[in-house]
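**Q** Pasting a structure below so you can have a look.
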Amino acid sequence: MQDRIKGILQLKPSDEIVKAEGWVRTKRDSKNVCFIEINDGSCLKGLQGVLDKEKFDAALIDSISTGCSVIAEGRIVASQGGNQTTEMAVESLTVVGTCPADYPLQKKRHTVEFLREKAYLRPRTNLFGAIMRVRSTMAYAVHSFFQENGFVYVNTPLISASDCEGAGAQFQVTTLNLENVPKTEDGKVDYSKDFFGKMANLTVSGQLEGETYATALKNIYTFGPTFRAENSNTARHLAEFWMIEPEMAFCTLEGDMEWAEKFLKYIFSAVLEKNAEDMAFFSSFVLPGVEDTLHHVIDSPFEHMTYTEAIKVLEPENSRFEFPVKWGVEIQSEHERFLTEQVAKRPVIVTDYPKDIKAFYMKMNDDGKTVRAMDVLAPRLGEIIGGSEREYRHDVLLARMAELGLKPEDYWWYLDLRKYGTVPHSGFGLGFERAIQYVTGVQNIRDVIPYPRYVKSCDY
Ligand code: 4AD
Ligand code: MG
């Protein structure tokens with residue numbers, strides 16, 4: 001007996017009784033029959049159930065409405081209607097949970113803004129069902145890719161006492177009484193009284209801990225939530241997002257970029273293969289041609305350019321940018337989009353950024369000005385991956401930290417790695433939600449995670 005509607009829709013007409021469980025999307029009545037569409041989230045399409053009114057109690061038929069949950073049993077028959085090849089001739093029906101008329105999801109198309117306010121019900125819409133199925137495929141593909149390539153999955157801590165990105169955008173974790181904070185003699189907060197005996201935060205990245213495992217197991221990856229208290233109200237920033245961070249020992253930036261490209265192509269291919277119906281839906285209703293762009297990305301090699309080359313391309317175009325560029329400034333999303341959409345017409349990997357706009361742990365180039373960083377930029381979105389070769393030379397790392405005012409005693413174990421059998425190593429971080437945005441064409445990052453957290457918003 002088939003129990004998911006995706007499977008039931010594949011069945012040929014037969015005398016076998018099958019059972020379908022799900023939620024009613026629509027109900028249509030005529031004099032003698034009642035049509036219901038049952039959806040269970042296994043695919044976009046619902047199963048059409050046809051009820052012969054003579055065989056059912058009128059009160060039961062009346063109790064069916066959009067949003068109610070039902071169990072329907074019957075035979076699969078050829079459909080008379082044009083929208084489907086088969087339907088269920090329902091022989092018994094149970095309304096498990098009725099649904100009153102104030103149900104927020106009515107038949108019309110709702111805006112994503114409206115649905116964000118009804119985030120607990122939005123997975124019942126076609127759009128969010130499709131997004132979440134794709135998200136699930138991508139999560140599985142992340143694990144398959146790394147497992148097939150011999151990487152070890154490492155769970156790095158979510159509560160951390162070190163700041164990986166040094167950007168100061170951390171959420172503090174404390175059990176101190178905020179109404180009456182203990183103070184030291186010189187008037188500072190006395191963290192020795194806090195839960196961990198020191199200041200602690202939610203992690204912004206598992207990279208530093210990941211490096212310690214890579215320098216033992218060679219190739220590792222993490223896949224988990226990360227937290228950033230950035231005050232950025234954009235369509236590509238969340239305060240809680242998922243990140244995938246592989247880290248490879250005996251690997252330089254060249255190897256790092258090869259892994260990143262192979263990895264992205266693998267997860268995009270998995271979605272095209274497993275979610276064809278959902279992808280066709282995104283192409284029709286979200287972003288025309290989104291499937292084609294994925295095929296194009298998979299089939300063509302990524303473009304490579306250094307930061308210095310990128311600035312040379314961007315500078316003559318400064319009049320079109322809100323933020324004009326010159327060597328040394330951050331590349332913003334408008335520039336990233338120009339490089340990918342106008343110049344390369346495909347993903348671009350930019351390398352060798354100025355040290356002053358990148359994190360402390362990146363390997364210094366011989367020029368003393370740039371570091372072995374790489375960002376993968378995607379058309380429509382800009383940065384989806386940030387990575388680098390790590391500074392594995394103890395003395396150079398110490399000097400760099402001193403330059404930035406970072407205290408060696410706060411990173412003593414990270415520095416020790418450079419003392420005990422140090423080795424060139426590299427890694428990167430893929431923002432999982434940005435990857436989902438790219439694949440689905442969904443505009444706003446808040447719509448590709450079940451419950452988005454961002455500035456002034458922590459509902460549900
Ligand atoms: O470039 P980022 O900050 O790099 C790191 O965290 C490194 N430790 C990664 C590594 O080398 N292991 O972040 C990596 C990626 C970005 O490219 C972006 O896709 C995503 O994480 N990201 C965000 N996604 C959603 N909301 C935010 N606020 C994000 N900040 C970064
Ligand atoms: Mg970055």
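In the structure tokens, chains take the letters A, B, ... in the order shown, each chain's residues start at 1, and ligands count up from 1 in the order shown.
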Using only C-alpha atoms and all ligand atoms, find each residue with an atom at most 8 Å away from ligand 2 and format the answer as a PyMOL selection string.
**A** chain A and resi 375+383+385-387
**Q** Go ahead and write the residues just picked, N, CA, C and O atoms, as a compact mmCIF listing (two decimals), in the first residue's frame.
**A**
# COMPACT_ATOMS: atom_id res chain seq x y z
N ASP A 375 37.15 34.31 -2.53
CA ASP A 375 35.70 34.36 -2.39
C ASP A 375 35.10 33.84 -3.68
O ASP A 375 35.55 34.22 -4.76
N GLU A 383 28.80 37.11 -3.07
CA GLU A 383 29.58 36.09 -2.34
C GLU A 383 28.71 34.95 -1.81
O GLU A 383 27.76 35.18 -1.09
N ILE A 385 30.69 31.85 -1.09
CA ILE A 385 31.73 31.13 -0.35
C ILE A 385 32.84 32.11 0.01
O ILE A 385 33.21 32.97 -0.80
N GLY A 386 33.33 31.99 1.24
CA GLY A 386 34.54 32.72 1.64
C GLY A 386 35.53 31.70 2.16
O GLY A 386 35.16 30.83 2.94
N GLY A 387 36.78 31.79 1.71
CA GLY A 387 37.76 30.81 2.19
C GLY A 387 39.16 31.35 2.07
O GLY A 387 39.37 32.48 1.64
**Q** Could you give me, as CSV, every chain A residue with an atom at most 7 Å from ligand 1, plus its closest atom pair and distance in Å to one decimal, counting only C-alpha atoms and all ligand atoms, rows ordered by chain then number?
**A**
residue,atom,partner,partner_atom_place_in_ligand_line,distance
A:Cys164,CA,ligand 1,8 (N),6.4
A:Glu165,CA,ligand 1,6 (O),6.2
A:Val204,CA,ligand 1,6 (O),6.5
A:Ser205,CA,ligand 1,6 (O),4.9
A:Gly206,CA,ligand 1,8 (N),6.8
A:Gln207,CA,ligand 1,12 (N),4.6
A:Arg228,CA,ligand 1,28 (N),5.7
A:Glu230,CA,ligand 1,28 (N),6.5
A:Arg236,CA,ligand 1,25 (C),5.8
A:His237,CA,ligand 1,26 (N),3.5
A:Leu238,CA,ligand 1,26 (N),3.9
A:Ala239,CA,ligand 1,28 (N),5.5
A:Glu240,CA,ligand 1,26 (N),6.9
A:Phe241,CA,ligand 1,25 (C),5.3
A:Met243,CA,ligand 1,21 (O),6.0
A:Glu245,CA,ligand 1,12 (N),4.7
A:Pro246,CA,ligand 1,12 (N),6.6
A:Glu247,CA,ligand 1,12 (N),6.9
A:Asp375,CA,ligand 1,17 (O),6.9
A:Glu383,CA,ligand 1,17 (O),5.2
A:Ile384,CA,ligand 1,19 (O),3.6
A:Ile385,CA,ligand 1,17 (O),3.6
A:Gly386,CA,ligand 1,1 (O),3.8
A:Gly387,CA,ligand 1,11 (O),3.7
A:Ser388,CA,ligand 1,11 (O),5.7
A:Gly427,CA,ligand 1,11 (O),5.0
A:Phe428,CA,ligand 1,11 (O),3.5
A:Gly429,CA,ligand 1,9 (C),3.7
A:Leu430,CA,ligand 1,15 (C),4.8
A:Gly431,CA,ligand 1,19 (O),3.4
A:Phe432,CA,ligand 1,19 (O),6.9
A:Glu433,CA,ligand 1,25 (C),6.4
A:Arg434,CA,ligand 1,19 (O),5.6
**Q** Give me, as a list in words, all polymer residues having an atom no more than 6 Å from Tyr153 in chain A, counting only C-alpha atoms and skipping those fewer than 2 positions away in the same chain.
**A**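 What passes the distance filter is Ile220, Tyr221 and Thr222 of chain A.
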**Q** Grab the residues selected above and save them as a short mmCIF file (atom, residue, chain, number, x, y, z; two decimals), in the first residue's frame with N, CA and C atoms.
**A**
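part37.cif was written with the following content:
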data_model
loop_
_atom_site.label_atom_id
_atom_site.label_comp_id
_atom_site.auth_asym_id
_atom_site.auth_seq_id
_atom_site.Cartn_x
_atom_site.Cartn_y
_atom_site.Cartn_z
N ILE A 220 38.35 17.38 6.79
CA ILE A 220 37.15 17.35 7.63
C ILE A 220 36.14 18.37 7.09
N TYR A 221 34.90 18.25 7.56
CA TYR A 221 33.94 19.31 7.27
C TYR A 221 32.99 19.47 8.45
N THR A 222 32.46 20.67 8.58
CA THR A 222 31.43 20.93 9.58
C THR A 222 30.17 21.32 8.83
#
**Q** Write out as a VMD selection string each polymer residue whose atoms come within 10 Å of range 347-351 of chain A, counting only C-alpha atoms; drop sequence neighbours fewer than 3 positions from it.
**A** chain A and resid 253 257 260 to 261 297 300 to 310 336 to 337 339 to 341 343 to 344 354 370 to 380 382 to 388
**Q** Closest to Arg393 in chain A among A:Val313, A:Leu415, A:Ala214, A:Val77, using only C-alpha atoms?
**A** A:Leu415
**Q** Name the closest residue to Met248 in chain A among the candidates A:Asp194, A:Glu16, A:Glu211, A:Asp447; distances are taken between atoms, counting only C-alpha atoms.
**A**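 Counting only C-alpha atoms, the residue closest to Met248 in chain A is A:Glu211.
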**Q** Quick one, how far is CA of Pro13 in chain A from CA of Ser79 in chain A?
**A** 9.5 Å
**Q** Could you pull the residues within 7 Å of Thr98 in chain A, counting only C-alpha atoms, minus those fewer than 4 positions along the same chain, as a list in words?
**A** Ser63, Ile64, Cys68 and Ser69 of chain A
